[in-house]
$ cat input.csv   # CSV, C-alpha atoms
chain,number,residue,atom,x,y,z
Y,1,MET,CA,12.7,-14.7,17.0
Y,2,THR,CA,15.8,-14.3,14.9
Y,3,VAL,CA,14.8,-16.6,12.2
Y,4,ALA,CA,11.4,-15.0,11.7
Y,5,PHE,CA,13.0,-11.5,11.7
Y,6,ASP,CA,15.5,-12.6,9.1
Y,7,ALA,CA,12.8,-14.1,7.0
Y,8,GLU,CA,10.8,-10.9,7.1
Y,9,ASN,CA,13.9,-8.9,6.1
Y,10,MET,CA,14.0,-11.0,2.9
Y,11,VAL,CA,10.5,-9.9,1.8
Y,12,ASP,CA,10.7,-7.1,-0.7
Y,13,ASP,CA,9.0,-3.8,-0.3
Y,14,ALA,CA,6.4,-4.4,-2.9
Y,15,ALA,CA,5.2,-7.6,-1.2
Y,16,LEU,CA,5.1,-5.8,2.1
Y,17,LEU,CA,3.0,-3.0,0.5
Y,18,ALA,CA,0.6,-5.6,-0.8
Y,19,ARG,CA,0.3,-7.0,2.7
Y,20,TYR,CA,-0.3,-3.6,4.1
Y,21,GLY,CA,-3.1,-3.2,1.5
Y,22,ARG,CA,-4.7,-6.3,3.0
Y,23,GLY,CA,-4.7,-4.7,6.4
Y,24,GLU,CA,-1.5,-6.3,7.9
Y,25,ASP,CA,-0.2,-4.0,10.6
Y,26,ALA,CA,3.2,-5.8,10.8
Y,27,ALA,CA,3.8,-5.1,7.2
Y,28,ALA,CA,3.2,-1.4,7.8
Y,29,ARG,CA,5.6,-1.5,10.7
Y,30,LEU,CA,8.4,-3.1,8.6
Y,31,LEU,CA,7.9,-0.6,5.8
Y,32,THR,CA,8.0,2.2,8.3
Y,33,GLU,CA,11.3,1.0,9.8
Y,34,ARG,CA,12.8,0.3,6.4
Y,35,LEU,CA,11.8,3.3,4.4
Y,36,THR,CA,11.3,6.3,6.7
Y,37,PRO,CA,15.2,6.5,7.3
Y,38,LEU,CA,15.7,6.6,3.5
Y,39,ALA,CA,13.2,9.5,3.1
Y,40,LEU,CA,14.6,11.3,6.1
Y,41,ARG,CA,18.2,11.0,5.0
Y,42,LEU,CA,17.5,12.5,1.5
Y,43,ALA,CA,15.3,15.3,2.9
Y,44,THR,CA,17.8,16.2,5.6
Y,45,ARG,CA,20.6,16.6,3.0
Y,46,MET,CA,18.4,18.4,0.6
Y,47,LEU,CA,16.9,20.9,3.1
Y,48,GLY,CA,19.6,21.1,5.8
Y,49,ASP,CA,16.9,21.4,8.4
Y,50,ARG,CA,16.0,18.4,10.6
Y,51,ASP,CA,12.4,19.5,11.5
Y,52,GLU,CA,11.5,20.2,7.9
Y,53,ALA,CA,13.1,17.0,6.8
Y,54,GLU,CA,11.0,15.0,9.3
Y,55,ASP,CA,7.8,16.7,8.0
Y,56,VAL,CA,8.8,15.7,4.4
Y,57,ALA,CA,9.6,12.2,5.4
Y,58,GLN,CA,6.3,11.8,7.1
Y,59,GLU,CA,4.5,13.3,4.1
Y,60,ALA,CA,6.3,11.0,1.6
Y,61,MET,CA,5.4,8.0,3.7
Y,62,LEU,CA,1.8,9.1,3.9
Y,63,ARG,CA,1.7,9.2,0.1
Y,64,LEU,CA,3.1,5.7,0.0
Y,65,TRP,CA,0.3,4.5,2.3
Y,66,ARG,CA,-2.3,6.2,0.0
Y,67,VAL,CA,-0.9,4.7,-3.2
Y,68,ALA,CA,-0.6,1.2,-1.7
Y,69,PRO,CA,-4.0,-0.2,-3.0
Y,70,ASP,CA,-3.1,0.9,-6.5
Y,71,TRP,CA,0.5,-0.3,-6.5
Y,72,ARG,CA,1.3,-2.4,-9.5
Y,73,PRO,CA,3.7,-5.3,-8.8
Y,74,GLY,CA,6.6,-5.5,-11.2
Y,75,GLY,CA,6.7,-1.7,-11.8
Y,76,ALA,CA,9.1,0.7,-10.2
Y,77,LYS,CA,10.9,-0.2,-7.0
Y,78,VAL,CA,9.1,1.1,-3.9
Y,79,SER,CA,12.4,2.8,-2.7
Y,80,THR,CA,12.9,4.5,-6.1
Y,81,TRP,CA,9.3,5.8,-6.0
Y,82,LEU,CA,9.8,7.1,-2.4
Y,83,TYR,CA,13.1,8.8,-3.3
Y,84,ARG,CA,11.4,10.5,-6.1
Y,85,VAL,CA,8.4,11.7,-4.0
Y,86,THR,CA,10.8,12.9,-1.3
Y,87,ALA,CA,12.9,14.8,-3.8
Y,88,ASN,CA,9.8,16.5,-5.2
Y,89,LEU,CA,8.6,17.4,-1.8
Y,90,CYS,CA,12.0,18.9,-1.0
Y,91,SER,CA,11.9,20.9,-4.3
Y,92,ASP,CA,8.5,22.3,-3.4
Y,93,ARG,CA,9.9,23.5,-0.1
Y,94,LEU,CA,13.0,24.9,-1.5
Y,95,ARG,CA,11.0,26.8,-4.1
Y,96,ARG,CA,8.7,28.2,-1.4
Y,97,ARG,CA,11.8,29.3,0.6
Y,98,ARG,CA,13.1,31.2,-2.3
Y,99,GLY,CA,9.8,32.6,-3.2
Y,100,VAL,CA,10.6,32.5,-6.9
Y,101,ALA,CA,10.3,30.0,-9.7
Y,102,LEU,CA,13.1,27.4,-9.7
Y,103,ASP,CA,14.2,28.4,-13.2
Y,104,ASP,CA,14.8,32.0,-12.1
Y,105,VAL,CA,17.3,31.0,-9.4
Y,106,PRO,CA,20.9,31.8,-10.3
Y,107,GLU,CA,23.5,29.3,-9.4
Y,108,PRO,CA,25.4,30.4,-6.3
Y,109,GLU,CA,28.5,32.4,-7.2
Y,110,ASP,CA,30.4,31.6,-4.1
Y,111,GLY,CA,29.5,29.3,-1.2
Y,112,TYR,CA,32.7,29.8,0.8
Y,113,PRO,CA,31.5,32.2,3.6
Y,114,ALA,CA,28.6,30.0,4.6
Y,115,VAL,CA,30.6,26.9,4.4
Y,116,THR,CA,33.5,28.3,6.3
Y,117,ASP,CA,31.3,29.6,9.1
Y,118,GLN,CA,29.8,26.2,9.6
Y,119,MET,CA,33.1,24.3,9.2
Y,120,MET,CA,34.7,26.2,12.1
Y,121,ALA,CA,33.1,23.9,14.6
Y,122,ALA,CA,32.2,21.0,12.5
Y,123,ASN,CA,33.5,17.5,11.7
Y,124,ARG,CA,33.8,16.2,8.2
Y,125,ALA,CA,30.2,15.0,8.0
Y,126,ALA,CA,28.9,18.4,9.0
Y,127,ALA,CA,31.4,20.1,6.7
Y,128,LEU,CA,30.2,18.0,3.7
Y,129,GLU,CA,26.5,18.6,4.5
Y,130,ALA,CA,27.2,22.3,4.7
Y,131,ALA,CA,29.1,22.2,1.4
Y,132,LEU,CA,26.2,20.3,-0.1
Y,133,LEU,CA,23.8,23.1,0.6
Y,134,THR,CA,25.9,25.4,-1.5
Y,135,LEU,CA,25.3,23.3,-4.6
Y,136,PRO,CA,22.5,23.9,-7.0
Y,137,GLU,CA,19.5,21.7,-6.1
Y,138,ARG,CA,19.8,19.2,-8.9
Y,139,GLN,CA,23.6,18.7,-8.4
Y,140,ARG,CA,23.0,18.3,-4.7
Y,141,GLN,CA,20.3,15.7,-5.3
Y,142,ALA,CA,22.5,13.7,-7.7
Y,143,VAL,CA,25.5,13.7,-5.4
Y,144,VAL,CA,23.5,12.7,-2.4
Y,145,LEU,CA,21.8,9.8,-4.2
Y,146,ARG,CA,25.1,8.6,-5.8
Y,147,HIS,CA,27.6,9.0,-3.0
Y,148,LEU,CA,25.6,9.1,0.3
Y,149,GLU,CA,22.7,6.8,-0.7
Y,150,GLY,CA,25.0,4.6,-2.9
Y,151,LEU,CA,22.5,4.3,-5.8
Y,152,ALA,CA,23.6,3.4,-9.3
Y,153,ASN,CA,23.2,6.0,-12.0
Y,154,PRO,CA,20.3,4.3,-13.8
Y,155,GLU,CA,18.2,4.4,-10.6
Y,156,ILE,CA,19.2,8.0,-10.0
Y,157,ALA,CA,18.1,8.7,-13.6
Y,158,ALA,CA,14.7,7.1,-12.9
Y,159,ILE,CA,14.3,9.1,-9.6
Y,160,MET,CA,15.3,12.4,-11.3
Y,161,ASP,CA,13.5,11.7,-14.5
Y,162,ILE,CA,16.5,12.4,-16.6
Y,163,GLY,CA,19.0,10.4,-18.7
Y,164,VAL,CA,22.0,8.5,-17.3
Y,165,GLU,CA,24.4,10.9,-19.0
Y,166,ALA,CA,22.7,13.9,-17.4
Y,167,VAL,CA,23.1,12.2,-14.0
Y,168,GLU,CA,26.8,11.7,-14.7
Y,169,SER,CA,27.2,15.3,-15.6
Y,170,LEU,CA,25.3,16.5,-12.5
Y,171,VAL,CA,27.4,14.3,-10.2
Y,172,ALA,CA,30.7,15.5,-11.8
Y,173,ARG,CA,29.8,19.1,-11.6
Y,174,GLY,CA,28.5,18.6,-8.1
Y,175,LYS,CA,31.7,17.0,-7.0
Y,176,ARG,CA,33.7,19.9,-8.5
Y,177,GLY,CA,31.5,22.3,-6.6
Y,178,LEU,CA,32.0,20.4,-3.3
Y,179,THR,CA,35.8,20.3,-3.8
Y,180,ALA,CA,35.8,24.0,-4.3
Y,181,ALA,CA,33.5,24.7,-1.4
Y,182,LEU,CA,35.5,22.5,0.9
Y,183,GLN,CA,39.0,23.7,-0.2
Y,184,GLY,CA,38.8,27.0,1.5
Y,185,ALA,CA,38.6,25.5,5.0
Y,186,ARG,CA,40.5,22.3,4.6
Y,187,ASP,CA,43.8,23.5,6.1
Y,188,GLU,CA,41.9,25.3,8.9
Y,189,LEU,CA,40.2,22.0,9.9
Y,190,GLY,CA,43.3,20.0,9.6
Y,191,TYR,CA,42.3,18.0,6.5
Y,192,GLY,CA,45.2,19.2,4.4
Y,193,ASP,CA,46.6,15.8,3.8
Y,194,ASP,CA,43.4,14.2,2.6
Z,1,MET,CA,39.9,13.3,-21.1
Z,2,ASN,CA,43.7,13.7,-21.0
Z,3,TRP,CA,45.9,12.1,-18.4
Z,4,GLY,CA,46.3,15.3,-16.3
Z,5,MET,CA,42.5,15.8,-16.0
Z,6,ALA,CA,42.0,12.1,-15.1
Z,7,MET,CA,44.6,12.4,-12.4
Z,8,THR,CA,42.9,15.6,-11.1
Z,9,GLU,CA,39.5,13.9,-10.9
Z,10,LYS,CA,41.0,10.9,-9.3
Z,11,ARG,CA,42.6,13.0,-6.6
Z,12,GLN,CA,39.4,15.0,-6.2
Z,13,ASP,CA,37.4,11.7,-5.8
Z,14,GLU,CA,39.8,10.3,-3.2
Z,15,SER,CA,39.7,13.6,-1.3
Z,16,LEU,CA,35.9,13.8,-1.3
Z,17,GLU,CA,35.5,10.1,-0.4
Z,18,ALA,CA,36.7,10.8,3.2
Z,19,PHE,CA,33.9,13.4,3.5
Z,20,PHE,CA,31.3,11.1,1.9
Z,21,ALA,CA,32.3,8.2,4.2
Z,22,ALA,CA,32.0,10.5,7.3
Z,23,ALA,CA,28.6,11.7,6.2
Z,24,ARG,CA,27.4,8.2,5.5
Z,25,GLN,CA,28.5,7.2,9.1
Z,26,ALA,CA,26.6,10.2,10.5
Z,27,ALA,CA,23.4,9.7,8.5
Z,28,PRO,CA,20.4,11.0,10.3
Z,29,GLU,CA,18.2,8.4,12.0
Z,30,PRO,CA,14.4,8.8,12.5
Z,31,SER,CA,13.3,9.5,16.0
Z,32,GLU,CA,10.8,7.1,17.7
Z,33,ALA,CA,8.3,10.0,17.6
Z,34,LEU,CA,8.6,10.2,13.8
Z,35,LEU,CA,8.3,6.5,13.4
Z,36,ALA,CA,5.2,6.6,15.6
Z,37,ARG,CA,3.7,9.3,13.5
Z,38,VAL,CA,4.3,7.4,10.3
Z,39,MET,CA,2.7,4.3,11.8
Z,40,SER,CA,-0.3,6.3,12.9
Z,41,ASP,CA,-0.7,7.7,9.4
Z,42,ALA,CA,-0.4,4.1,8.0
Z,43,ARG,CA,-3.4,3.0,10.1
Z,44,LEU,CA,-5.5,6.1,9.4
Z,45,ALA,CA,-4.7,6.0,5.6
Z,46,TRP,CA,-5.5,2.3,5.2
Z,47,ARG,CA,-8.2,1.4,2.7
Z,48,PRO,CA,-8.9,-2.1,1.5
Z,49,VAL,CA,-7.6,-3.2,-1.9
Z,50,VAL,CA,-10.5,-3.3,-4.4
Z,51,ARG,CA,-10.1,-6.3,-6.7
Z,52,ALA,CA,-11.2,-6.3,-10.3
Z,53,GLU,CA,-14.7,-7.9,-10.7
Z,54,GLY,CA,-15.0,-11.1,-12.7
Z,55,LEU,CA,-17.9,-11.9,-15.1
Z,56,TRP,CA,-19.6,-14.2,-12.5
Z,57,THR,CA,-19.5,-11.4,-9.9
Z,58,ARG,CA,-21.1,-9.0,-12.3
Z,59,VAL,CA,-23.8,-11.5,-13.3
Z,60,LEU,CA,-24.6,-12.2,-9.7
Z,61,ALA,CA,-24.8,-8.4,-8.9
Z,62,ALA,CA,-27.1,-7.9,-12.0
Z,63,VAL,CA,-29.7,-10.4,-10.8
Z,64,GLY,CA,-29.7,-9.2,-7.3
Z,65,GLY,CA,-27.2,-11.3,-5.4
Z,66,TRP,CA,-27.2,-14.9,-4.0
Z,67,GLY,CA,-30.8,-14.5,-2.5
Z,68,ALA,CA,-32.3,-13.6,-5.9
Z,69,LEU,CA,-30.3,-16.4,-7.5
Z,70,GLY,CA,-31.8,-18.9,-5.1
Z,71,GLY,CA,-35.3,-17.7,-5.9
Z,72,MET,CA,-34.6,-18.1,-9.6
Z,73,ALA,CA,-33.4,-21.6,-9.1
Z,74,THR,CA,-36.5,-22.5,-7.1
Z,75,ALA,CA,-38.7,-21.1,-9.9
Z,76,ALA,CA,-36.9,-23.0,-12.6
Z,77,LEU,CA,-37.1,-26.3,-10.7
Z,78,THR,CA,-40.8,-25.8,-10.0
Z,79,GLY,CA,-41.3,-25.3,-13.8
Z,80,VAL,CA,-39.5,-28.5,-14.5
Z,81,TRP,CA,-41.6,-30.4,-12.0
Z,82,ILE,CA,-44.8,-29.0,-13.3
Z,83,GLY,CA,-43.8,-29.9,-16.9
Z,84,TYR,CA,-43.0,-33.4,-15.9
Z,85,ALA,CA,-46.0,-34.0,-13.6
Z,86,GLY,CA,-48.5,-32.5,-16.1
Z,87,ILE,CA,-47.7,-35.0,-18.8
Z,88,ALA,CA,-50.0,-37.7,-17.3
Z,89,ASP,CA,-53.1,-35.5,-17.5
Z,90,LEU,CA,-52.6,-34.3,-21.1
Z,91,GLY,CA,-54.6,-37.2,-22.5
Z,92,ALA,CA,-57.6,-36.4,-20.3
Z,93,ILE,CA,-57.5,-32.8,-21.3
Z,94,SER,CA,-57.4,-33.5,-25.0
Z,95,ASP,CA,-60.2,-36.2,-24.6
Z,96,GLY,CA,-62.4,-33.6,-23.0
Z,97,PHE,CA,-62.1,-31.4,-26.1
Z,98,ALA,CA,-62.6,-34.2,-28.6
Z,99,GLY,CA,-65.6,-35.7,-26.8
Z,100,GLY,CA,-68.2,-33.4,-28.4
Z,101,GLU,CA,-69.2,-31.6,-25.2
Z,102,THR,CA,-70.0,-28.0,-25.5
Z,103,VAL,CA,-67.5,-25.6,-24.3
Z,104,GLU,CA,-68.8,-22.1,-23.9
Z,105,LEU,CA,-65.8,-19.9,-24.9
Z,106,LEU,CA,-67.7,-16.6,-24.7
Z,107,PRO,CA,-70.4,-17.0,-22.0
Z,108,GLY,CA,-73.3,-14.5,-22.3
Z,109,THR,CA,-72.6,-13.5,-25.9
Z,110,GLU,CA,-76.0,-14.7,-27.0
Z,111,ASP,CA,-77.4,-11.5,-25.7
Z,112,ILE,CA,-75.2,-9.3,-27.9
Z,113,ALA,CA,-77.1,-8.2,-31.1
Z,114,PHE,CA,-74.3,-7.9,-33.5
Z,115,LEU,CA,-73.2,-11.5,-32.9
Z,116,ASP,CA,-76.6,-12.9,-34.1
Z,117,GLY,CA,-76.0,-15.5,-36.8
Z,118,TRP,CA,-72.2,-15.2,-36.3
Z,119,GLY,CA,-71.9,-18.9,-35.3
Z,120,GLU,CA,-74.1,-20.2,-38.2
$ encode --input "input.csv" --output "structure tokens"
Amino acid sequence: MTVAFDAENMVDDAALLARYGRGEDAAARLLTERLTPLALRLATRMLGDRDEAEDVAQEAMLRLWRVAPDWRPGGAKVSTWLYRVTANLCSDRLRRRRGVALDDVPEPEDGYPAVTDQMMAANRAAALEAALLTLPERQRQAVVLRHLEGLANPEIAAIMDIGVEAVESLVARGKRGLTAALQGARDELGYGDD
Amino acid sequence: MNWGMAMTEKRQDESLEAFFAAARQAAPEPSEALLARVMSDARLAWRPVVRAEGLWTRVLAAVGGWGALGGMATAALTGVWIGYAGIADLGAISDGFAGGETVELLPGTEDIAFLDGWGE
């Protein structure tokens, strides 16, 4: 029924989490439908691999189910918490991929070849996602949360556990990096007038 | 930030926004299989919320639960009844002591040597 559906959509995530804690299956279903896409979007953009992103999204949601009985109403937003858990899971995977500590990883000198290869047969969305993968991890995360997830800087700061000014700096540097990464193939893809 | 830099950033933002918009439109959606796995996890991971115990709950647990509490109430009421019902016989009991009859408090002690002359 439309009215009931709309009413359920008005319920906030924390209330649904409490209802899940009381054993309400419908609350779990609503949370699954609302929050799994969020985790999947961030993980896909961070990892650039759909299968791995699905695993991360599932793991992040599992952690949400486990934390439900201990969730304190009035604390962090559920979505903020989930973004943060997802970002941390992605960081773990990226670190394992590199096989070295995060701090030892140099920033990429030049992302053009990889970007250009992918842009040859890609549309703008794919081009952007390819360009995102050339950014250092923290810049990528900040840009995705700001410009693809549409979050405000204070929420991004809470997710990334840094100050708002640091978020602004990461986003600005990330956008400069994206512009540079995309520039090389713009004319080739016919975006010269953008 | 000078005017030139501001203009450069503005043009950069406008240029990137077309890409951001395209990427937002093409956002990955979870498959039915993924949603089913997440729901399955939700059911398997569910554990009931444990509420903080109040004083009354802890007192009840300390005495052994509702059954024990019922026994204690019965015992208390029985005591009250005995106390009330016994009042009528108190006079008779005290009359018995005051009437001069011999009450043998230590029966058989007359046979014990060291008690000889003890009551004199």
$ atom_distance --input "input.csv" --atom1 "atom CA of Y:Thr179" --atom2 "atom CA of Y:Glu52"
27.0 Å
$ interface_residues --input "input.csv" --of "chain Y" --to "chain Z" --cutoff "6 Å" --atoms "only C-alpha atoms" --output "ChimeraX atom specification"
/Y:21,37,41,58,65,69,124-125,128,148,194
$ atom_distance --input "input.csv" --atom1 "atom CA of Y:Val167" --atom2 "atom CA of Y:Gly150"
13.6 Å
$ atom_distance --input "input.csv" --atom1 "atom CA of Y:Arg95" --atom2 "atom CA of Y:Arg176"
24.1 Å
$ closest_residue --input "input.csv" --among "Y:Leu145, Y:Leu35, Y:Ala131, Y:Ala53" --to "Y:Ser79" --atoms "all atoms listed in the file"
Y:Leu35
